[in-house]
>>> print(open('structure_12.csv').read())   # CSV, C-alpha atoms
chain,number,residue,atom,x,y,z
A,1,MET,CA,0.0,0.0,0.0
A,2,THR,CA,1.3,3.5,-0.8
A,3,GLU,CA,2.1,5.8,2.0
A,4,PHE,CA,-0.8,7.9,3.3
A,5,ASN,CA,-0.8,11.4,2.0
A,6,PRO,CA,-2.2,13.9,4.5
A,7,ALA,CA,-2.4,16.7,2.0
A,8,PRO,CA,-3.5,15.3,-1.4
A,9,GLU,CA,-4.4,17.7,-4.1
A,10,SER,CA,-8.0,17.5,-5.1
A,11,ASP,CA,-8.3,16.5,-8.8
A,12,ALA,CA,-11.9,17.9,-9.0
A,13,ALA,CA,-12.1,21.3,-10.6
A,14,GLN,CA,-14.3,22.4,-7.8
A,15,ARG,CA,-13.2,22.2,-4.2
A,16,ARG,CA,-15.0,19.6,-2.1
A,17,TRP,CA,-17.0,22.1,0.0
A,18,GLN,CA,-18.2,24.0,-3.0
A,19,GLU,CA,-20.4,21.4,-4.6
A,20,GLY,CA,-23.9,22.8,-5.2
A,21,THR,CA,-23.4,26.3,-3.8
A,22,ASP,CA,-23.9,29.5,-5.8
A,23,THR,CA,-21.4,32.4,-5.7
A,24,PHE,CA,-23.2,34.3,-2.9
A,25,GLY,CA,-23.3,31.0,-0.8
A,26,ARG,CA,-19.5,30.5,-1.3
A,27,VAL,CA,-18.6,34.1,-0.4
A,28,TYR,CA,-20.9,33.8,2.7
A,29,ASP,CA,-19.3,30.5,3.8
A,30,VAL,CA,-15.8,31.7,3.2
A,31,SER,CA,-16.4,34.9,5.2
A,32,LEU,CA,-17.8,32.9,8.2
A,33,GLY,CA,-14.3,31.3,8.4
A,34,VAL,CA,-12.4,34.6,8.1
A,35,THR,CA,-11.4,35.8,11.6
A,36,SER,CA,-8.9,38.6,10.7
A,37,PRO,CA,-9.1,41.4,8.1
A,38,THR,CA,-8.6,39.8,4.7
A,39,ALA,CA,-8.4,41.4,1.3
A,40,TYR,CA,-11.5,40.8,-0.9
A,41,THR,CA,-9.2,39.5,-3.6
A,42,GLU,CA,-8.1,36.7,-1.3
A,43,ILE,CA,-11.7,35.9,-0.4
A,44,ALA,CA,-12.5,35.8,-4.1
A,45,GLU,CA,-9.8,33.2,-4.6
A,46,LEU,CA,-11.1,31.0,-1.8
A,47,ALA,CA,-14.7,31.4,-3.0
A,48,ASP,CA,-13.7,30.7,-6.6
A,49,CYS,CA,-15.3,33.8,-8.1
A,50,SER,CA,-14.2,37.1,-9.6
A,51,PRO,CA,-12.9,39.9,-7.3
A,52,ASN,CA,-15.8,42.1,-8.4
A,53,ALA,CA,-18.4,39.5,-7.5
A,54,ALA,CA,-16.7,38.8,-4.1
A,55,LYS,CA,-16.7,42.5,-3.3
A,56,LYS,CA,-20.4,42.9,-4.3
A,57,HIS,CA,-21.5,40.0,-2.1
A,58,LEU,CA,-19.2,41.1,0.8
A,59,GLU,CA,-20.7,44.6,0.7
A,60,ARG,CA,-24.2,43.0,1.0
A,61,LEU,CA,-23.0,40.8,3.9
A,62,THR,CA,-21.6,43.9,5.5
A,63,GLU,CA,-25.0,45.6,5.2
A,64,MET,CA,-26.6,42.5,6.8
A,65,GLY,CA,-24.2,42.8,9.7
A,66,ILE,CA,-22.6,39.4,9.1
A,67,VAL,CA,-19.3,40.8,7.9
A,68,ARG,CA,-17.2,43.8,9.0
A,69,ALA,CA,-15.5,45.9,6.4
A,70,ASP,CA,-12.3,48.0,6.4
A,71,ARG,CA,-12.8,50.1,3.2
A,72,ASP,CA,-9.9,52.4,4.0
A,73,SER,CA,-7.3,49.7,3.4
A,74,ARG,CA,-6.2,49.1,-0.2
A,75,PRO,CA,-7.5,46.6,-1.2
A,76,ALA,CA,-10.5,46.7,1.1
A,77,GLN,CA,-10.5,44.1,3.8
A,78,TYR,CA,-13.3,42.0,5.3
A,79,GLU,CA,-13.8,39.6,8.2
A,80,ARG,CA,-16.8,38.0,9.9
A,81,ASN,CA,-18.6,40.2,12.4
A,82,ASP,CA,-18.3,38.3,15.7
A,83,GLY,CA,-20.4,40.8,17.6
A,84,TYR,CA,-23.4,40.2,15.3
A,85,LEU,CA,-22.9,36.4,15.3
A,86,GLU,CA,-22.7,36.3,19.1
A,87,TRP,CA,-26.0,38.2,19.3
A,88,GLN,CA,-27.5,35.8,16.8
A,89,GLU,CA,-26.4,32.8,18.9
A,90,ALA,CA,-27.8,34.4,22.1
A,91,SER,CA,-31.0,35.2,20.4
A,92,GLN,CA,-31.4,31.6,19.3
A,93,ILE,CA,-30.8,30.4,22.8
A,94,ALA,CA,-33.3,32.8,24.1
A,95,ASP,CA,-35.8,31.5,21.6
A,96,GLU,CA,-35.3,27.8,22.3
A,97,LEU,CA,-34.5,27.6,26.0
A,98,SER,CA,-36.6,28.8,29.0
A,99,ILE,CA,-35.1,31.2,31.6
A,100,ASP,CA,-35.0,28.3,34.0
A,101,GLU,CA,-33.1,26.1,31.6
A,102,ILE,CA,-30.6,28.9,31.0
A,103,ILE,CA,-30.1,29.3,34.8
A,104,ASP,CA,-29.6,25.5,35.2
A,105,ARG,CA,-27.0,25.5,32.4
A,106,VAL,CA,-25.1,28.5,33.9
A,107,ALA,CA,-25.1,26.8,37.3
A,108,ALA,CA,-23.6,23.6,35.8
A,109,LEU,CA,-21.0,25.6,33.9
A,110,GLU,CA,-20.0,27.5,37.0
A,111,LYS,CA,-19.4,24.2,38.8
A,112,GLN,CA,-17.1,23.1,35.9
A,113,LEU,CA,-15.4,26.5,36.1
A,114,THR,CA,-14.6,26.0,39.8
A,115,GLU,CA,-13.2,22.6,39.0
A,116,TYR,CA,-10.9,24.0,36.4
A,117,GLU,CA,-9.8,26.8,38.7
A,118,GLU,CA,-9.0,24.3,41.4
A,119,GLN,CA,-7.2,21.9,39.0
A,120,PHE,CA,-4.9,24.7,37.7
A,121,GLY,CA,-4.7,26.8,40.9
A,122,THR,CA,-5.7,30.0,39.1
A,123,THR,CA,-8.8,31.8,37.9
A,124,ASP,CA,-7.1,32.9,34.7
A,125,PRO,CA,-6.8,30.2,31.9
A,126,THR,CA,-4.4,32.4,29.9
A,127,ALA,CA,-1.9,32.1,32.8
A,128,VAL,CA,-1.6,28.4,32.1
A,129,SER,CA,1.1,27.3,29.6
A,130,ILE,CA,0.1,24.3,27.5
A,131,VAL,CA,3.6,23.6,26.2
A,132,GLU,CA,5.3,23.1,29.5
A,133,HIS,CA,5.1,19.4,28.7
A,134,ASP,CA,7.5,17.6,26.4
A,135,ASP,CA,5.1,14.7,25.8
A,136,HIS,CA,2.8,15.4,22.9
A,137,GLU,CA,-0.1,13.6,24.4
A,138,MET,CA,0.1,15.7,27.5
A,139,VAL,CA,0.2,18.9,25.4
A,140,HIS,CA,-3.0,17.7,23.7
A,141,GLU,CA,-4.7,17.0,27.1
A,142,GLN,CA,-3.6,20.3,28.5
A,143,MET,CA,-4.6,22.2,25.4
A,144,THR,CA,-8.1,20.6,25.4
A,145,ALA,CA,-8.6,21.4,29.1
A,146,VAL,CA,-7.5,25.0,28.9
A,147,SER,CA,-9.6,25.6,25.7
A,148,GLU,CA,-12.7,24.1,27.2
A,149,TRP,CA,-12.2,26.2,30.3
A,150,GLN,CA,-12.0,29.3,28.1
A,151,GLY,CA,-15.0,28.1,26.3
A,152,ILE,CA,-17.0,27.8,29.5
A,153,ILE,CA,-16.2,31.4,30.4
A,154,ARG,CA,-17.6,32.5,27.1
A,155,GLU,CA,-20.6,30.2,27.3
A,156,ILE,CA,-21.6,31.7,30.6
A,157,ARG,CA,-21.4,35.2,29.1
A,158,LEU,CA,-23.5,34.1,26.1
A,159,TYR,CA,-26.2,32.6,28.4
A,160,GLU,CA,-26.2,35.8,30.4
A,161,LEU,CA,-26.9,37.7,27.1
A,162,ALA,CA,-29.6,35.1,26.2
A,163,ARG,CA,-31.3,35.6,29.6
A,164,GLN,CA,-31.3,39.4,29.1
A,165,LEU,CA,-32.9,39.0,25.6
A,166,SER,CA,-35.4,36.6,27.1
A,167,GLN,CA,-36.4,38.9,29.9
A,168,ASN,CA,-36.7,41.8,27.4
A,169,ASP,CA,-38.9,39.9,25.0
A,170,GLY,CA,-36.1,39.5,22.4
A,171,HIS,CA,-34.8,43.1,22.7
A,172,LEU,CA,-31.3,44.0,24.1
A,173,ILE,CA,-32.8,47.1,25.7
A,174,PRO,CA,-35.8,47.0,28.0
A,175,ALA,CA,-38.9,48.6,26.4
B,1,MET,CA,-16.6,34.7,19.1
B,2,SER,CA,-13.0,35.1,18.0
B,3,ARG,CA,-10.2,37.5,18.3
B,4,PRO,CA,-7.3,38.1,15.9
B,5,PRO,CA,-4.5,35.7,16.8
B,6,SER,CA,-2.3,38.6,18.1
B,7,ASP,CA,-4.7,39.1,21.0
B,8,SER,CA,-4.1,35.6,22.4
B,9,ALA,CA,-1.1,34.3,24.1
B,10,PRO,CA,1.1,32.6,21.5
B,11,ASP,CA,1.1,29.3,23.4
B,12,SER,CA,-2.6,29.1,23.7
B,13,THR,CA,-5.2,27.8,21.2
B,14,GLY,CA,-8.0,30.0,22.7
B,15,PRO,CA,-11.6,28.7,23.3
B,16,PRO,CA,-13.5,26.7,20.7
B,17,ASP,CA,-14.6,28.7,17.7
B,18,ARG,CA,-18.4,28.2,17.7
B,19,GLN,CA,-19.0,29.8,14.3
B,20,THR,CA,-16.4,27.7,12.5
B,21,LEU,CA,-17.6,24.5,14.2
B,22,ARG,CA,-21.1,25.3,13.0
B,23,LEU,CA,-19.9,26.2,9.5
B,24,LEU,CA,-18.0,22.8,9.3
B,25,GLU,CA,-21.0,20.9,10.7
B,26,ARG,CA,-23.2,22.4,8.0
B,27,HIS,CA,-20.8,21.2,5.2
B,28,LEU,CA,-20.1,17.8,6.8
B,29,THR,CA,-23.8,16.9,7.0
B,30,SER,CA,-24.0,17.3,3.2
B,31,ASP,CA,-20.7,15.4,2.4
B,32,SER,CA,-21.1,12.1,0.7
B,33,LEU,CA,-18.6,10.5,3.1
B,34,VAL,CA,-20.5,11.5,6.3
B,35,ALA,CA,-23.4,9.6,7.9
B,36,GLU,CA,-24.0,11.8,11.0
B,37,THR,CA,-22.6,14.6,13.0
B,38,ALA,CA,-23.0,15.6,16.7
B,39,PHE,CA,-21.7,18.4,18.9
B,40,ASP,CA,-20.1,17.5,22.2
B,41,PRO,CA,-21.4,18.2,24.9
B,42,ASP,CA,-24.4,19.6,22.8
B,43,SER,CA,-25.2,22.2,20.2
B,44,TYR,CA,-25.7,25.0,22.8
B,45,GLU,CA,-22.1,24.4,24.0
B,46,PRO,CA,-20.3,23.2,20.9
B,47,ARG,CA,-16.7,22.3,21.8
B,48,LEU,CA,-16.1,19.1,19.8
B,49,LEU,CA,-17.6,18.2,16.4
B,50,LYS,CA,-18.0,14.4,16.2
B,51,THR,CA,-18.4,13.1,12.6
B,52,PHE,CA,-19.4,9.5,12.0
B,53,LEU,CA,-18.5,8.3,8.5
B,54,ASP,CA,-20.8,6.3,6.3
B,55,MET,CA,-19.9,2.7,6.9
B,56,GLU,CA,-21.6,1.6,3.7
B,57,ARG,CA,-18.6,3.2,1.9
B,58,TYR,CA,-16.1,1.0,3.9
B,59,PRO,CA,-15.1,-2.7,3.4
B,60,GLU,CA,-16.7,-5.0,6.0
B,61,SER,CA,-13.4,-5.4,7.9
B,62,VAL,CA,-13.8,-1.8,9.2
B,63,SER,CA,-16.4,-1.6,12.0
B,64,THR,CA,-16.5,2.1,12.7
B,65,ALA,CA,-14.8,5.2,11.3
B,66,ARG,CA,-15.1,8.7,12.7
B,67,LEU,CA,-13.5,12.1,12.6
B,68,ASP,CA,-13.3,14.3,15.7
B,69,ILE,CA,-12.9,18.0,15.0
B,70,ARG,CA,-11.9,20.9,17.3
B,71,TRP,CA,-11.4,24.4,15.9
B,72,PHE,CA,-10.2,27.2,18.1
B,73,THR,CA,-10.5,31.0,17.9
B,74,THR,CA,-6.7,31.3,17.2
B,75,GLY,CA,-7.2,29.3,13.9
B,76,ASP,CA,-5.6,26.3,15.6
B,77,PHE,CA,-7.4,23.0,15.1
B,78,THR,CA,-7.3,19.2,15.4
B,79,PHE,CA,-8.8,16.7,13.0
B,80,HIS,CA,-8.6,13.2,14.5
B,81,TYR,CA,-9.5,10.3,12.2
B,82,VAL,CA,-10.0,6.9,13.8
B,83,GLU,CA,-10.9,3.5,12.1
B,84,ASP,CA,-11.8,0.6,14.3
B,85,HIS,CA,-11.3,-2.8,12.6
B,86,ASP,CA,-13.0,-6.1,13.2
B,87,ASP,CA,-9.7,-7.7,14.3
B,88,SER,CA,-9.8,-5.1,17.2
B,89,SER,CA,-6.9,-3.2,15.7
B,90,ARG,CA,-7.1,0.6,15.2
B,91,TRP,CA,-5.9,2.9,12.4
B,92,GLU,CA,-5.7,6.5,13.3
B,93,CYS,CA,-4.0,9.8,12.3
B,94,ARG,CA,-4.5,13.5,13.0
B,95,TRP,CA,-4.1,16.8,11.3
B,96,ASP,CA,-3.1,19.4,14.0
B,97,ARG,CA,-2.3,23.0,14.4
B,98,HIS,CA,-1.4,24.0,17.9
B,99,PRO,CA,1.6,25.2,20.0
B,100,ASN,CA,4.0,22.4,21.1
B,101,THR,CA,7.7,22.1,21.8
B,102,HIS,CA,9.0,19.8,19.2
B,103,ASN,CA,7.2,20.2,15.9
B,104,ALA,CA,5.9,23.0,13.7
B,105,ARG,CA,2.6,24.5,14.9
B,106,LEU,CA,1.1,22.7,11.9
B,107,HIS,CA,1.9,19.0,12.0
B,108,PHE,CA,0.6,15.6,11.2
B,109,HIS,CA,0.4,12.5,13.4
B,110,GLN,CA,1.2,9.6,11.1
B,111,PRO,CA,-1.0,6.5,10.9
B,112,PRO,CA,-1.5,3.8,12.0
B,113,THR,CA,-0.9,4.8,15.6
B,114,ALA,CA,-0.7,8.6,15.4
B,115,ASN,CA,2.5,8.5,17.5
B,116,ASP,CA,5.0,9.6,14.8
B,117,ILE,CA,4.7,13.3,14.1
B,118,THR,CA,5.9,15.1,11.0
B,119,ASP,CA,5.6,18.8,10.1
B,120,LEU,CA,2.8,19.5,7.7
B,121,GLU,CA,2.2,22.0,4.9
B,122,LEU,CA,-1.2,22.9,3.7
B,123,PRO,CA,-2.1,25.2,0.8
B,124,SER,CA,-4.6,27.2,3.0
B,125,LEU,CA,-5.6,27.4,6.6
B,126,HIS,CA,-9.1,28.5,5.9
B,127,PRO,CA,-11.5,26.0,7.7
B,128,LEU,CA,-13.3,25.0,4.6
B,129,GLU,CA,-10.0,24.4,2.8
B,130,VAL,CA,-8.6,22.3,5.6
B,131,TYR,CA,-11.8,20.3,5.7
B,132,SER,CA,-11.6,19.7,2.0
B,133,THR,CA,-8.0,18.5,2.3
B,134,VAL,CA,-8.8,16.1,5.2
B,135,LEU,CA,-11.9,14.6,3.5
B,136,THR,CA,-10.0,14.1,0.3
B,137,ALA,CA,-7.2,12.3,2.2
B,138,ILE,CA,-9.8,10.1,3.9
B,139,GLU,CA,-11.3,9.3,0.5
B,140,GLN,CA,-7.9,8.2,-0.7
B,141,ARG,CA,-7.5,6.1,2.4
B,142,LEU,CA,-10.8,4.4,1.5
B,143,GLU,CA,-9.5,3.6,-2.0
B,144,ALA,CA,-6.4,2.1,-0.5
B,145,LEU,CA,-8.6,0.0,1.9
B,146,TRP,CA,-10.7,-1.3,-1.0
B,147,SER,CA,-7.7,-2.1,-3.2
B,148,ARG,CA,-6.1,-4.1,-0.4
B,149,GLU,CA,-9.4,-5.9,0.1
B,150,GLY,CA,-9.4,-6.9,-3.6
B,151,MET,CA,-5.9,-8.5,-3.4
>>> encode(input="structure_12.csv", output="structure tokens")
Amino acid sequence: MTEFNPAPESDAAQRRWQEGTDTFGRVYDVSLGVTSPTAYTEIAELADCSPNAAKKHLERLTEMGIVRADRDSRPAQYERNDGYLEWQEASQIADELSIDEIIDRVAALEKQLTEYEEQFGTTDPTAVSIVEHDDHEMVHEQMTAVSEWQGIIREIRLYELARQLSQNDGHLIPA
Amino acid sequence: MSRPPSDSAPDSTGPPDRQTLRLLERHLTSDSLVAETAFDPDSYEPRLLKTFLDMERYPESVSTARLDIRWFTTGDFTFHYVEDHDDSSRWECRWDRHPNTHNARLHFHQPPTANDITDLELPSLHPLEVYSTVLTAIEQRLEALWSREGM
């Protein structure tokens, strides 16, 4: 058997994830994975469309709030709008879970948070180095633990926002 | 839910990237190789994306095949592929990007045990591009499994 190749080149003209999506869908999906300001020309390349088409769709996504634009840079740069997407997630939680369910989930997460703080002897996950181990498996374990710990802190904040939305009938600001 | 990499400590992966995990889940559920996906612990707290591959695509000697995906706000990730075989042996490998002391940030744990690690180069680190590369590699693994079966 030939040796396993972890990075084979796709022989299909289209990239695997692009099957059956139109240009807008591709630009949308590419921008959801773009977490730092990126030139629209580069986004066009990833989305397999012309720079003009990418720019047009990115402008539309910016109007919708899904994407953030920096039009002063040359060429203009775009990235996903995390603030908007966080609100969208909180809004969905507020829609689907009751306030009691949200409170229960926060209580469970706070318990997990305390366990991590005791395990690492600090309340600050960024103070923990994940590479103090030489053993790669240990690095993996430590990395997963610290990341989940950071995730828990964010999840608690997200549920807090969801509870606020729930209490204000879907609005961020009380009527 | 992410910050630019410069805001995070360089030796940290940051928390799970909820948006990227959801994006990957959406694409995996429509991939011909995939039977089912699930978030761990659940979709309100997505930290790990479990992907169960379609066993109808595999020879009978393979009992289960899955791909476990983590994606972090720093752009770090792990794609862990595991095949369990009927003779109770296991074939696994992983595509990883994370800080460590002895390999490049981007590296590959070689099959069949995932113990040997080599540095890796990928054409792009965009989540959809990484996903494409990994699934294409798994498809080639499938072809190798079938051709061995036919001998």
>>> interface_residues(input="structure_12.csv", of="chain A", to="chain B", cutoff="8 Å", atoms="all atoms listed in the file", output="PyMOL selection string")
chain A and resi 1-2+4-10+15-17+29-30+32-36+82-83+85-86+93+126+129-131+133-134+136+139+143+146-151+155
>>> write_last_selection(input="structure_12.csv", atoms="C-alpha atoms", output="PDB file, keeping the file's coordinate frame")
ATOM      1  CA  MET A   1       0.000   0.000   0.000  1.00  0.00           C
ATOM      2  CA  THR A   2       1.300   3.500  -0.800  1.00  0.00           C
ATOM      3  CA  PHE A   4      -0.800   7.900   3.300  1.00  0.00           C
ATOM      4  CA  ASN A   5      -0.800  11.400   2.000  1.00  0.00           C
ATOM      5  CA  PRO A   6      -2.200  13.900   4.500  1.00  0.00           C
ATOM      6  CA  ALA A   7      -2.400  16.700   2.000  1.00  0.00           C
ATOM      7  CA  PRO A   8      -3.500  15.300  -1.400  1.00  0.00           C
ATOM      8  CA  GLU A   9      -4.400  17.700  -4.100  1.00  0.00           C
ATOM      9  CA  SER A  10      -8.000  17.500  -5.100  1.00  0.00           C
ATOM     10  CA  ARG A  15     -13.200  22.200  -4.200  1.00  0.00           C
ATOM     11  CA  ARG A  16     -15.000  19.600  -2.100  1.00  0.00           C
ATOM     12  CA  TRP A  17     -17.000  22.100   0.000  1.00  0.00           C
ATOM     13  CA  ASP A  29     -19.300  30.500   3.800  1.00  0.00           C
ATOM     14  CA  VAL A  30     -15.800  31.700   3.200  1.00  0.00           C
ATOM     15  CA  LEU A  32     -17.800  32.900   8.200  1.00  0.00           C
ATOM     16  CA  GLY A  33     -14.300  31.300   8.400  1.00  0.00           C
ATOM     17  CA  VAL A  34     -12.400  34.600   8.100  1.00  0.00           C
ATOM     18  CA  THR A  35     -11.400  35.800  11.600  1.00  0.00           C
ATOM     19  CA  SER A  36      -8.900  38.600  10.700  1.00  0.00           C
ATOM     20  CA  ASP A  82     -18.300  38.300  15.700  1.00  0.00           C
ATOM     21  CA  GLY A  83     -20.400  40.800  17.600  1.00  0.00           C
ATOM     22  CA  LEU A  85     -22.900  36.400  15.300  1.00  0.00           C
ATOM     23  CA  GLU A  86     -22.700  36.300  19.100  1.00  0.00           C
ATOM     24  CA  ILE A  93     -30.800  30.400  22.800  1.00  0.00           C
ATOM     25  CA  THR A 126      -4.400  32.400  29.900  1.00  0.00           C
ATOM     26  CA  SER A 129       1.100  27.300  29.600  1.00  0.00           C
ATOM     27  CA  ILE A 130       0.100  24.300  27.500  1.00  0.00           C
ATOM     28  CA  VAL A 131       3.600  23.600  26.200  1.00  0.00           C
ATOM     29  CA  HIS A 133       5.100  19.400  28.700  1.00  0.00           C
ATOM     30  CA  ASP A 134       7.500  17.600  26.400  1.00  0.00           C
ATOM     31  CA  HIS A 136       2.800  15.400  22.900  1.00  0.00           C
ATOM     32  CA  VAL A 139       0.200  18.900  25.400  1.00  0.00           C
ATOM     33  CA  MET A 143      -4.600  22.200  25.400  1.00  0.00           C
ATOM     34  CA  VAL A 146      -7.500  25.000  28.900  1.00  0.00           C
ATOM     35  CA  SER A 147      -9.600  25.600  25.700  1.00  0.00           C
ATOM     36  CA  GLU A 148     -12.700  24.100  27.200  1.00  0.00           C
ATOM     37  CA  TRP A 149     -12.200  26.200  30.300  1.00  0.00           C
ATOM     38  CA  GLN A 150     -12.000  29.300  28.100  1.00  0.00           C
ATOM     39  CA  GLY A 151     -15.000  28.100  26.300  1.00  0.00           C
ATOM     40  CA  GLU A 155     -20.600  30.200  27.300  1.00  0.00           C
TER      41      GLU A 155
END
>>> atom_distance(input="structure_12.csv", atom1="CA of Val128 (chain A)", atom2="CA of Ala114 (chain B)")
25.9 Å
>>> atom_distance(input="structure_12.csv", atom1="CA of Cys49 (chain A)", atom2="CA of Ser73 (chain A)")
21.2 Å
>>> atom_distance(input="structure_12.csv", atom1="CA of Leu61 (chain A)", atom2="CA of Tyr28 (chain A)")
7.4 Å
